[in-house]
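J.: Contents of my_file-v8.csv (CSV, C-alpha atoms and all ligand atoms) are given next:
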chain,number,residue,atom,x,y,z
A,1,MET,CA,-31.3,39.3,-14.8
A,2,ILE,CA,-30.4,36.5,-17.3
A,3,GLY,CA,-26.8,35.6,-17.6
A,4,ASP,CA,-26.5,35.0,-21.4
A,5,ARG,CA,-23.8,36.7,-23.4
A,6,HIS,CA,-26.2,37.4,-26.2
A,7,LEU,CA,-28.3,39.5,-23.8
A,8,ILE,CA,-26.4,42.5,-22.4
A,9,PRO,CA,-28.1,43.8,-19.3
A,10,LEU,CA,-29.3,47.5,-19.5
A,11,SER,CA,-32.0,47.8,-16.9
A,12,PRO,CA,-32.5,47.6,-13.9
A,13,GLU,CA,-28.8,46.7,-13.9
A,14,ILE,CA,-26.3,48.0,-16.4
A,15,PHE,CA,-23.6,45.7,-17.8
A,16,ASN,CA,-20.4,46.4,-15.9
A,17,ASP,CA,-18.3,43.2,-16.3
A,18,PHE,CA,-15.1,45.2,-16.8
A,19,ALA,CA,-12.6,47.2,-14.8
A,20,CYS,CA,-12.3,51.0,-14.3
A,21,PRO,CA,-10.0,52.3,-17.1
A,22,GLU,CA,-8.2,54.6,-14.7
A,23,CYS,CA,-7.5,52.5,-11.6
A,24,GLY,CA,-8.4,49.0,-12.6
A,25,TYR,CA,-11.0,48.5,-9.9
A,26,PRO,CA,-13.6,46.0,-11.0
A,27,ARG,CA,-17.3,46.6,-11.8
A,28,PRO,CA,-17.9,50.3,-11.9
A,29,ALA,CA,-21.4,51.5,-11.1
A,30,GLY,CA,-23.7,52.0,-14.1
A,31,VAL,CA,-25.4,55.4,-14.1
A,32,LYS,CA,-27.4,55.5,-17.4
A,33,VAL,CA,-27.6,54.0,-20.8
A,34,MET,CA,-26.9,56.3,-23.8
A,35,VAL,CA,-28.0,55.4,-27.4
A,36,LEU,CA,-25.9,57.8,-29.4
A,37,GLY,CA,-27.0,56.4,-32.8
A,38,LYS,CA,-24.9,53.5,-34.1
A,39,GLN,CA,-23.1,53.4,-30.7
A,40,THR,CA,-24.9,52.1,-27.6
A,41,ALA,CA,-22.9,53.2,-24.6
A,42,ALA,CA,-23.4,53.8,-20.9
A,43,GLU,CA,-22.2,56.2,-18.3
A,44,TYR,CA,-20.4,54.8,-15.3
A,45,LYS,CA,-18.8,55.9,-12.0
A,46,CYS,CA,-15.9,54.1,-10.5
A,47,THR,CA,-16.6,53.1,-6.9
A,48,ASN,CA,-12.9,53.3,-6.0
A,49,CYS,CA,-11.4,56.4,-7.7
A,50,GLY,CA,-14.6,58.2,-8.6
A,51,LEU,CA,-13.9,58.5,-12.3
A,52,ALA,CA,-17.0,59.4,-14.3
A,53,PHE,CA,-16.8,58.0,-17.8
A,54,VAL,CA,-18.7,56.7,-20.8
A,55,ARG,CA,-18.0,53.4,-22.3
A,56,ASP,CA,-19.1,51.5,-25.4
A,57,LEU,CA,-21.4,48.5,-24.6
A,58,PRO,CA,-20.1,45.3,-26.3
A,59,ALA,CA,-22.3,45.5,-29.3
A,60,GLY,CA,-22.2,46.3,-33.0
A,61,PHE,CA,-18.9,46.7,-35.0
A,62,SER,CA,-16.9,47.9,-32.0
A,63,ILE,CA,-17.8,44.8,-29.9
A,64,ASP,CA,-14.1,43.7,-29.5
A,65,LEU,CA,-12.6,47.2,-29.1
A,66,PRO,CA,-14.8,49.2,-26.7
A,67,LEU,CA,-13.7,52.7,-26.1
A,68,ALA,CA,-14.1,54.6,-22.8
A,69,TRP,CA,-13.8,58.3,-22.4
A,70,ARG,CA,-13.7,60.6,-19.4
A,71,LEU,CA,-16.9,62.5,-19.0
A,72,LYS,CA,-15.3,65.9,-18.1
A,73,ASP,CA,-13.0,66.2,-21.1
A,74,LYS,CA,-13.6,63.2,-23.5
A,75,HIS,CA,-10.1,61.9,-22.7
A,76,PRO,CA,-10.0,58.4,-24.3
A,77,TYR,CA,-9.1,55.1,-22.7
A,78,HIS,CA,-8.3,52.3,-25.1
A,79,PRO,CA,-8.8,48.6,-24.3
A,80,ALA,CA,-5.6,46.7,-23.2
A,81,HIS,CA,-5.5,44.6,-26.3
A,82,GLY,CA,-5.6,47.3,-28.9
A,83,MET,CA,-6.5,50.8,-30.1
A,84,ALA,CA,-10.2,51.5,-30.3
A,85,GLU,CA,-11.6,54.0,-32.8
A,86,ASP,CA,-11.5,57.3,-30.9
A,87,TRP,CA,-15.0,58.4,-32.1
A,88,PRO,CA,-15.7,60.9,-29.4
A,89,ALA,CA,-12.9,63.0,-30.9
A,90,TYR,CA,-14.7,63.4,-34.3
A,91,PRO,CA,-16.4,66.7,-34.8
A,92,ASP,CA,-19.8,65.0,-35.3
A,93,TYR,CA,-19.5,63.6,-31.8
A,94,GLN,CA,-18.2,66.8,-30.2
A,95,VAL,CA,-21.5,68.6,-30.7
A,96,PRO,CA,-24.6,66.4,-30.3
A,97,SER,CA,-27.4,66.7,-32.8
A,98,HIS,CA,-30.9,67.0,-31.3
A,99,ASP,CA,-32.9,66.0,-34.5
A,100,ARG,CA,-35.6,63.6,-33.6
A,101,TYR,CA,-35.8,62.1,-37.1
A,102,TYR,CA,-39.6,61.7,-36.9
A,103,ALA,CA,-39.2,58.8,-34.5
A,104,ARG,CA,-42.2,56.5,-34.5
A,105,ARG,CA,-42.9,53.7,-31.9
A,106,GLU,CA,-45.2,50.9,-33.2
A,107,VAL,CA,-46.3,48.3,-30.6
A,108,PHE,CA,-47.4,44.8,-31.6
A,109,ARG,CA,-47.2,43.3,-28.2
A,110,GLU,CA,-46.9,45.0,-24.8
A,111,CYS,CA,-43.9,43.4,-22.9
A,112,LYS,CA,-42.3,44.3,-19.6
A,113,ARG,CA,-39.1,42.5,-20.5
A,114,ILE,CA,-37.5,43.5,-23.7
A,115,VAL,CA,-34.3,43.1,-25.7
A,116,LEU,CA,-33.3,46.1,-27.8
A,117,LEU,CA,-31.8,45.5,-31.2
A,118,ASN,CA,-30.2,48.8,-32.4
A,119,THR,CA,-29.6,48.5,-36.1
A,120,ILE,CA,-28.8,52.2,-36.7
A,121,ASP,CA,-25.6,52.6,-38.6
A,122,HIS,CA,-24.1,54.9,-41.3
A,123,LEU,CA,-23.3,51.9,-43.5
A,124,TYR,CA,-26.0,50.1,-45.5
A,125,GLY,CA,-24.5,46.6,-45.0
A,126,HIS,CA,-24.1,47.1,-41.3
A,127,VAL,CA,-27.8,47.9,-40.8
A,128,LEU,CA,-28.7,44.9,-42.7
A,129,LEU,CA,-26.3,42.5,-40.9
A,130,LYS,CA,-27.5,43.8,-37.5
A,131,LEU,CA,-31.1,43.4,-38.5
A,132,PHE,CA,-30.6,39.7,-39.3
A,133,ASN,CA,-29.8,39.2,-35.5
A,134,ALA,CA,-33.6,39.5,-34.9
A,135,GLN,CA,-34.3,35.9,-35.8
A,136,HIS,CA,-32.2,34.6,-32.8
A,137,TYR,CA,-34.3,36.5,-30.3
A,138,LEU,CA,-37.6,35.7,-31.9
A,139,ASP,CA,-36.9,32.0,-31.9
A,140,ARG,CA,-34.8,31.6,-28.8
A,141,HIS,CA,-36.4,34.1,-26.4
A,142,PRO,CA,-40.1,34.3,-27.2
A,143,ASP,CA,-40.7,35.3,-23.5
A,144,ILE,CA,-38.7,38.5,-24.0
A,145,GLY,CA,-40.2,41.1,-26.4
A,146,LEU,CA,-37.8,42.1,-29.2
A,147,VAL,CA,-37.7,45.8,-29.9
A,148,VAL,CA,-36.0,46.7,-33.1
A,149,MET,CA,-34.6,50.2,-33.7
A,150,VAL,CA,-34.4,50.7,-37.4
A,151,PRO,CA,-33.9,53.4,-40.0
A,152,LYS,CA,-37.0,54.0,-42.1
A,153,MET,CA,-35.5,52.7,-45.3
A,154,PHE,CA,-35.0,49.3,-43.7
A,155,GLU,CA,-38.5,49.1,-42.1
A,156,TRP,CA,-39.8,46.8,-44.7
A,157,LEU,CA,-37.3,44.1,-43.6
A,158,VAL,CA,-38.4,44.0,-40.0
A,159,PRO,CA,-39.7,40.5,-39.4
A,160,ASP,CA,-43.1,39.6,-38.0
A,161,GLY,CA,-43.2,38.7,-34.4
A,162,VAL,CA,-41.3,41.7,-33.0
A,163,ALA,CA,-42.9,43.2,-29.9
A,164,GLU,CA,-42.2,46.8,-31.1
A,165,LYS,CA,-40.4,48.7,-33.8
A,166,TRP,CA,-38.9,52.1,-33.3
A,167,VAL,CA,-38.5,53.7,-36.7
A,168,PHE,CA,-36.3,56.7,-37.3
A,169,ASP,CA,-36.6,58.6,-40.6
A,170,ILE,CA,-32.8,59.0,-40.7
A,171,LYS,CA,-30.5,59.0,-43.7
A,172,LEU,CA,-27.5,56.6,-43.5
A,173,LYS,CA,-24.9,59.5,-43.2
A,174,GLN,CA,-26.9,61.0,-40.4
A,175,ALA,CA,-26.4,57.9,-38.3
A,176,TRP,CA,-22.7,59.0,-38.1
A,177,GLY,CA,-22.3,61.2,-35.0
A,178,TRP,CA,-23.8,61.8,-31.6
A,179,ASN,CA,-27.6,61.8,-32.0
A,180,ALA,CA,-28.9,63.2,-28.7
A,181,GLY,CA,-32.4,63.3,-30.3
A,182,ILE,CA,-32.4,59.5,-30.7
A,183,ASP,CA,-31.2,59.1,-27.1
A,184,SER,CA,-34.0,61.4,-25.8
A,185,PHE,CA,-36.5,59.2,-27.6
A,186,VAL,CA,-35.1,56.1,-26.1
A,187,GLN,CA,-34.9,57.6,-22.6
A,188,GLU,CA,-38.7,58.5,-22.8
A,189,GLN,CA,-39.5,54.9,-23.4
A,190,TRP,CA,-37.2,53.6,-20.6
A,191,ASP,CA,-39.6,53.5,-17.7
A,192,ARG,CA,-42.2,51.4,-19.5
A,193,TYR,CA,-40.1,48.3,-19.0
A,194,GLU,CA,-39.0,46.2,-16.0
A,195,GLU,CA,-36.1,44.5,-17.7
A,196,VAL,CA,-34.1,45.7,-20.7
A,197,TYR,CA,-31.3,43.9,-22.5
A,198,LEU,CA,-29.3,44.9,-25.5
A,199,ALA,CA,-28.7,42.6,-28.4
A,200,PRO,CA,-25.0,42.5,-29.3
A,201,ALA,CA,-26.0,42.9,-33.0
A,202,TYR,CA,-23.2,40.7,-34.3
A,203,GLY,CA,-21.8,41.9,-37.6
A,204,HIS,CA,-21.6,38.6,-39.3
A,205,PRO,CA,-24.6,36.4,-38.5
A,206,ALA,CA,-24.5,32.7,-39.7
A,207,PHE,CA,-26.6,32.8,-42.8
A,208,THR,CA,-27.1,29.1,-43.0
A,209,LYS,CA,-29.4,29.5,-40.0
A,210,ILE,CA,-31.3,32.6,-41.3
A,211,ASP,CA,-34.6,32.4,-43.1
A,212,VAL,CA,-34.4,35.4,-45.3
A,213,HIS,CA,-38.1,35.1,-46.2
A,214,ARG,CA,-39.0,36.2,-42.7
A,215,PHE,CA,-37.2,39.5,-43.5
A,216,SER,CA,-37.9,40.2,-47.2
A,217,ARG,CA,-41.1,38.1,-47.5
A,218,VAL,CA,-39.5,36.7,-50.7
A,219,GLU,CA,-38.8,32.9,-50.8
A,220,PRO,CA,-35.2,32.3,-51.7
A,221,PHE,CA,-34.0,30.0,-54.5
A,222,ALA,CA,-34.4,26.4,-53.4
A,223,LEU,CA,-31.3,24.3,-54.2
A,224,PRO,CA,-33.3,21.2,-55.3
A,225,ASP,CA,-34.7,23.4,-58.1
A,226,TYR,CA,-31.3,24.3,-59.4
A,227,LEU,CA,-31.5,22.3,-62.6
A,228,ARG,CA,-35.3,22.1,-62.7
A,229,LYS,CA,-35.9,25.8,-63.1
A,230,PRO,CA,-34.8,27.9,-66.1
A,231,ALA,CA,-31.3,29.2,-66.0
A,232,HIS,CA,-31.4,32.7,-64.7
A,233,ILE,CA,-28.5,35.0,-63.8
A,234,THR,CA,-28.8,38.4,-62.2
A,235,PHE,CA,-26.1,41.1,-62.4
A,236,ILE,CA,-25.7,43.7,-59.8
A,237,ALA,CA,-24.2,46.7,-61.6
A,238,ARG,CA,-24.0,49.9,-59.5
A,239,ARG,CA,-22.3,53.2,-60.4
A,240,ASP,CA,-20.3,53.7,-57.2
A,241,ARG,CA,-18.3,50.4,-57.2
A,242,LEU,CA,-17.2,49.4,-60.6
A,243,TRP,CA,-15.9,46.4,-62.5
A,244,TYR,CA,-12.9,47.7,-64.4
A,245,PRO,CA,-11.3,45.9,-67.4
A,246,SER,CA,-7.7,46.7,-66.4
A,247,PRO,CA,-5.6,48.5,-63.7
A,248,TRP,CA,-5.0,51.3,-66.3
A,249,SER,CA,-8.7,51.9,-66.7
A,250,LYS,CA,-9.2,52.0,-62.9
A,251,LEU,CA,-6.5,54.6,-62.6
A,252,ALA,CA,-7.7,56.6,-65.5
A,253,HIS,CA,-11.2,56.6,-64.0
A,254,ARG,CA,-9.9,57.9,-60.7
A,255,VAL,CA,-7.9,60.7,-62.3
A,256,MET,CA,-10.8,61.7,-64.5
A,257,LYS,CA,-13.3,61.6,-61.6
A,258,ARG,CA,-11.0,64.0,-59.6
A,259,LEU,CA,-10.9,66.3,-62.6
A,260,GLY,CA,-14.7,66.0,-63.2
A,261,LEU,CA,-14.2,64.6,-66.7
A,262,PHE,CA,-16.4,62.0,-68.5
A,263,PRO,CA,-18.3,61.0,-65.4
A,264,GLY,CA,-20.3,58.3,-67.1
A,265,LEU,CA,-17.5,56.7,-69.1
A,266,ALA,CA,-16.4,54.0,-66.6
A,267,VAL,CA,-20.1,53.1,-65.9
A,268,ARG,CA,-20.6,52.6,-69.6
A,269,ARG,CA,-17.5,50.5,-69.8
A,270,GLN,CA,-18.8,48.4,-67.0
A,271,ASP,CA,-22.1,48.0,-68.9
A,272,GLN,CA,-20.1,46.7,-71.8
A,273,LEU,CA,-18.4,44.1,-69.6
A,274,VAL,CA,-21.7,43.0,-68.2
A,275,ALA,CA,-23.3,42.8,-71.7
A,276,ARG,CA,-20.3,40.9,-73.1
A,277,THR,CA,-20.5,38.4,-70.2
A,278,MET,CA,-24.1,37.8,-70.9
A,279,GLU,CA,-23.4,37.1,-74.6
A,280,LEU,CA,-20.7,34.6,-73.7
A,281,VAL,CA,-22.9,32.8,-71.2
A,282,ARG,CA,-25.6,32.6,-73.9
A,283,LYS,CA,-23.2,30.9,-76.2
A,284,GLU,CA,-22.8,28.1,-73.6
A,285,ILE,CA,-26.4,28.1,-72.3
A,286,PRO,CA,-28.6,29.4,-75.1
A,287,ASP,CA,-31.8,29.4,-72.9
A,288,ALA,CA,-30.3,31.5,-70.1
A,289,THR,CA,-32.2,34.6,-69.1
A,290,PHE,CA,-30.8,37.7,-67.3
A,291,THR,CA,-31.8,40.5,-65.1
A,292,VAL,CA,-29.6,43.5,-64.2
A,293,VAL,CA,-30.3,45.5,-61.1
A,294,GLY,CA,-28.5,48.4,-59.3
A,295,LEU,CA,-28.6,52.0,-58.5
A,296,SER,CA,-27.8,53.2,-62.0
A,297,GLU,CA,-29.4,54.4,-65.2
A,298,PRO,CA,-30.9,51.5,-67.3
A,299,GLY,CA,-29.8,50.8,-70.9
A,300,GLY,CA,-27.1,49.3,-73.0
A,301,MET,CA,-27.9,45.6,-72.3
A,302,PRO,CA,-28.4,42.9,-75.0
A,303,ASN,CA,-31.9,42.1,-76.3
A,304,GLY,CA,-34.2,40.3,-73.9
A,305,VAL,CA,-32.4,41.3,-70.7
A,306,GLU,CA,-34.7,42.5,-67.9
A,307,ASP,CA,-33.1,45.8,-66.9
A,308,LEU,CA,-34.4,46.8,-63.4
A,309,ARG,CA,-31.8,49.5,-62.7
A,310,THR,CA,-33.0,52.8,-61.5
A,311,MET,CA,-31.9,55.9,-59.7
A,312,ASN,CA,-35.1,56.0,-57.6
A,313,ILE,CA,-35.2,53.1,-55.2
A,314,ASP,CA,-38.5,52.5,-53.4
A,315,LEU,CA,-40.2,49.5,-51.8
A,316,ASP,CA,-41.5,48.2,-55.2
A,317,VAL,CA,-38.0,48.3,-56.6
A,318,GLU,CA,-36.5,46.6,-53.6
A,319,LYS,CA,-39.0,43.8,-53.8
A,320,ALA,CA,-38.7,43.4,-57.6
A,321,TRP,CA,-34.9,43.1,-57.1
A,322,CYS,CA,-35.3,40.5,-54.4
A,323,ARG,CA,-37.7,38.5,-56.6
A,324,ALA,CA,-35.0,38.6,-59.4
A,325,TYR,CA,-32.3,37.3,-57.0
A,326,ALA,CA,-34.7,34.5,-55.8
A,327,ARG,CA,-35.2,33.4,-59.4
A,328,SER,CA,-31.4,33.2,-60.0
A,329,GLN,CA,-29.1,30.3,-59.7
A,330,VAL,CA,-26.3,32.8,-59.9
A,331,VAL,CA,-25.9,36.5,-59.1
A,332,VAL,CA,-22.8,38.4,-60.4
A,333,GLY,CA,-21.4,41.6,-58.9
A,334,VAL,CA,-18.5,43.5,-57.4
A,335,HIS,CA,-17.8,43.0,-53.7
A,336,GLY,CA,-19.8,45.1,-51.3
A,337,SER,CA,-22.8,45.2,-49.1
A,338,ASN,CA,-24.9,45.3,-52.3
A,339,MET,CA,-24.2,41.6,-52.5
A,340,LEU,CA,-25.9,40.7,-49.2
A,341,LEU,CA,-29.5,40.6,-50.3
A,342,PRO,CA,-28.7,39.0,-53.7
A,343,THR,CA,-26.7,36.1,-52.1
A,344,ALA,CA,-29.3,35.7,-49.4
A,345,HIS,CA,-31.9,34.9,-52.1
A,346,ALA,CA,-30.0,33.3,-55.0
A,347,ALA,CA,-28.4,29.9,-54.9
A,348,GLY,CA,-24.8,31.1,-55.6
A,349,CYS,CA,-22.6,33.9,-56.9
A,350,VAL,CA,-19.6,35.0,-58.8
A,351,GLU,CA,-18.0,38.0,-57.1
A,352,ILE,CA,-15.5,40.3,-58.5
A,353,LEU,CA,-13.2,40.9,-55.6
A,354,PRO,CA,-10.9,44.0,-55.6
A,355,TYR,CA,-7.4,43.6,-54.2
A,356,ASP,CA,-8.0,46.0,-51.3
A,357,ARG,CA,-11.1,44.0,-50.2
A,358,TYR,CA,-9.3,40.6,-49.7
A,359,GLY,CA,-9.4,41.2,-45.9
A,360,ASN,CA,-13.2,41.6,-46.2
A,361,MET,CA,-13.7,38.5,-48.2
A,362,VAL,CA,-17.2,36.8,-47.7
A,363,GLN,CA,-18.3,39.5,-45.3
A,364,ASP,CA,-20.8,40.6,-48.0
A,365,ILE,CA,-21.9,37.1,-48.9
A,366,ALA,CA,-24.9,35.5,-47.2
A,367,VAL,CA,-23.5,32.0,-47.3
A,368,ARG,CA,-26.6,29.8,-47.4
A,369,HIS,CA,-24.9,26.3,-47.7
A,370,ASN,CA,-23.0,24.6,-45.0
A,371,ASP,CA,-21.4,21.7,-47.0
A,372,ARG,CA,-19.0,21.5,-49.9
A,373,MET,CA,-21.6,23.1,-52.1
A,374,GLN,CA,-20.1,26.4,-50.7
A,375,LEU,CA,-17.0,26.0,-52.7
A,376,PHE,CA,-18.9,25.4,-55.9
A,377,LEU,CA,-21.6,28.0,-55.4
A,378,TYR,CA,-19.6,31.0,-54.1
A,379,ARG,CA,-16.8,32.0,-56.5
A,380,PHE,CA,-14.5,34.9,-56.4
A,381,VAL,CA,-12.6,36.3,-59.4
A,382,ASP,CA,-9.9,38.7,-59.9
A,383,GLU,CA,-10.5,42.5,-59.7
A,384,PHE,CA,-9.8,42.8,-63.5
A,385,ALA,CA,-11.4,39.5,-64.6
A,386,THR,CA,-12.4,39.4,-68.2
A,387,PRO,CA,-16.0,38.8,-69.3
A,388,LYS,CA,-14.7,35.4,-70.6
A,389,ALA,CA,-13.4,34.5,-67.1
A,390,VAL,CA,-16.7,35.4,-65.4
A,391,ALA,CA,-18.8,33.7,-68.1
A,392,ARG,CA,-16.7,30.6,-67.8
A,393,HIS,CA,-17.5,30.4,-64.1
A,394,VAL,CA,-21.2,31.1,-64.6
A,395,ALA,CA,-21.6,28.5,-67.4
A,396,GLY,CA,-19.6,26.0,-65.3
A,397,MET,CA,-22.0,26.5,-62.3
A,398,PHE,CA,-24.8,25.1,-64.5
A,399,LYS,CA,-22.9,22.5,-66.6
A,400,ASP,CA,-20.9,21.0,-63.7
A,401,PHE,CA,-23.7,21.2,-61.1
A,402,ARG,CA,-25.2,17.7,-61.5
A,403,VAL,CA,-21.9,15.8,-61.2
A,404,TYR,CA,-20.5,18.0,-58.4
A,405,GLU,CA,-23.6,17.7,-56.3
A,406,LEU,CA,-23.8,13.9,-56.8
A,407,ASN,CA,-20.2,13.4,-55.8
A,408,MET,CA,-20.0,15.9,-53.0
A,409,LYS,CA,-23.4,15.8,-51.5
A,410,THR,CA,-25.3,12.6,-52.4
A,411,ASN,CA,-22.6,9.9,-52.7
A,412,THR,CA,-21.3,10.3,-49.2
A,413,PHE,CA,-22.2,9.6,-45.6
A,501,ZN,ZN,-11.3,53.8,-10.8
Re-express the file's structure as structure tokens.
T.:
Amino acid sequence: MIGDRHLIPLSPEIFNDFACPECGYPRPAGVKVMVLGKQTAAEYKCTNCGLAFVRDLPAGFSIDLPLAWRLKDKHPYHPAHGMAEDWPAYPDYQVPSHDRYYARREVFRECKRIVLLNTIDHLYGHVLLKLFNAQHYLDRHPDIGLVVMVPKMFEWLVPDGVAEKWVFDIKLKQAWGWNAGIDSFVQEQWDRYEEVYLAPAYGHPAFTKIDVHRFSRVEPFALPDYLRKPAHITFIARRDRLWYPSPWSKLAHRVMKRLGLFPGLAVRRQDQLVARTMELVRKEIPDATFTVVGLSEPGGMPNGVEDLRTMNIDLDVEKAWCRAYARSQVVVGVHGSNMLLPTAHAAGCVEILPYDRYGNMVQDIAVRHNDRMQLFLYRFVDEFATPKAVARHVAGMFKDFRVYELNMKTNTF
């Protein structure tokens, strides 16, 4: 099998480049692969002490902290360098679910050697980030068929060129837990192939190398068009992660939410902040046009604003939102996975970054530029930034662009 750290062997050999968690004897014998949902693990038996255990394969968001657990009683073994998440102890992992989620296998090219990219996850952004790993295998390993395991709501983003897609009609929250039904589906396919690898599905792919058009089929904003195209700004305004005008309003919203009072008040307040920002940008750039998107009720925007918000997201909505991002020099929104597709298609962003997300900075930004344009085009503002502060950044990203680009990109070696 190929010795490449981006291809984890699953069949005929199972990855075993580690020591027994009980006695430390190297290279336990692989018994079988288990796809539990978001976790891809394998069962092993130590050739020295006989311990039978299951261990995370080095993939997905637990890549650096694989957990092992004893088969007979789920006793956990943490890696030497830190505590792993003890997921087998959670109730949803104690009793496996046998739902098959209307699994569908679609074959585009019969391959005997495959690499499996498991994008199943209970977090929207995690599925998306894992899916972007597909490009590496399509371009670098054309001789190995790429098989993408994907929740149905992300099927539209599967790129052309994959050998197969395995689509599961699974809701995000159902991906949390031990899905024995998904594992059974995978086991039924196993003997079709001579060689199977697992893609590590890195959580933070380098976006400067990713061609998002291959996923969304929407051409992203081309930087040379920045000043040639009409100034367009798209706001991402969702209900579940809000832009607050002050610490007090955030606290008040949390208290009222707990009490079930005035549920729409904070959302309306956010709409006012967005609308006010648009008005202030218009003062500086009179021709600027705006779109607002997000999982929310439409309404409350200034005249002339394209309001694409809805509570019913379907493929047409997803595509229309992507086209809006791709027309935008700047997208504006609160930190979160909802910023991934916008920044993957727009030229730049202004992001409102809550204090408790500083450790997650840029994880939600598809950074498209690999030079000093990064600092100009990706801007982060305070959690309680005023519309004036946000509008100042947005307007500056148009007014200062020509000179900045000239100095930092053109007049240099
Ligand atoms: Zn052992």
J.: From the list A:Val218, A:Ala199, A:Cys49, A:Ile182, which residue is nearest ligand ZN 501 (chain A) when using only C-alpha atoms and all ligand atoms?
T.: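 Under the stated criterion, the closest residue is A:Cys49.
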J.: Under the rule of at most 9 Å, produce a per-residue listing of chain A near ligand ZN 501 (chain A): chain, number, name, the closest pair of atoms, and the distance in Å, as JSON lines, using only C-alpha atoms and all ligand atoms.
T.:
{"residue": "A:Ala19", "atom": "CA", "partner": "A:ZN501", "partner_atom": "ZN", "distance": 7.8}
{"residue": "A:Cys20", "atom": "CA", "partner": "A:ZN501", "partner_atom": "ZN", "distance": 4.6}
{"residue": "A:Pro21", "atom": "CA", "partner": "A:ZN501", "partner_atom": "ZN", "distance": 6.6}
{"residue": "A:Glu22", "atom": "CA", "partner": "A:ZN501", "partner_atom": "ZN", "distance": 5.0}
{"residue": "A:Cys23", "atom": "CA", "partner": "A:ZN501", "partner_atom": "ZN", "distance": 4.1}
{"residue": "A:Gly24", "atom": "CA", "partner": "A:ZN501", "partner_atom": "ZN", "distance": 5.9}
{"residue": "A:Tyr25", "atom": "CA", "partner": "A:ZN501", "partner_atom": "ZN", "distance": 5.4}
{"residue": "A:Pro26", "atom": "CA", "partner": "A:ZN501", "partner_atom": "ZN", "distance": 8.1}
{"residue": "A:Pro28", "atom": "CA", "partner": "A:ZN501", "partner_atom": "ZN", "distance": 7.6}
{"residue": "A:Lys45", "atom": "CA", "partner": "A:ZN501", "partner_atom": "ZN", "distance": 7.9}
{"residue": "A:Cys46", "atom": "CA", "partner": "A:ZN501", "partner_atom": "ZN", "distance": 4.6}
{"residue": "A:Thr47", "atom": "CA", "partner": "A:ZN501", "partner_atom": "ZN", "distance": 6.6}
{"residue": "A:Asn48", "atom": "CA", "partner": "A:ZN501", "partner_atom": "ZN", "distance": 5.1}
{"residue": "A:Cys49", "atom": "CA", "partner": "A:ZN501", "partner_atom": "ZN", "distance": 4.0}
{"residue": "A:Gly50", "atom": "CA", "partner": "A:ZN501", "partner_atom": "ZN", "distance": 5.9}
{"residue": "A:Leu51", "atom": "CA", "partner": "A:ZN501", "partner_atom": "ZN", "distance": 5.6}
{"residue": "A:Ala52", "atom": "CA", "partner": "A:ZN501", "partner_atom": "ZN", "distance": 8.7}
J.: Between A:Pro66, A:Gly359, A:Gly396, A:Gly82, which is the closest to A:Glu284 once you count all atoms listed in the file?
T.: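 Under the stated criterion, the closest residue is A:Gly396.
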J.: By how many Å are atom CA of A:Gly333 and atom CA of A:Ala237 apart?
T.: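 So the answer is 6.4 Å.
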J.: Which residue out of A:Pro151, A:Gly181, A:Pro342, A:Pro76 has the minimum interatomic distance to A:Val293 when only C-alpha atoms are used?
T.: A:Pro342
J.: For a test of reading the model, state the distance in Å between atom CA of A:Phe132 and atom CA of A:Pro9, rounded to one decimal.
T.: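 So the two atoms, atom CA of A:Phe132 and atom CA of A:Pro9, lie 20.6 Å apart.
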J.: Compare A:His141, A:Lys209, A:Arg217, A:Arg282 by their minimum atom-to-atom distance to A:His232, counting only C-alpha atoms, and give me the closest one.
T.: A:Arg282
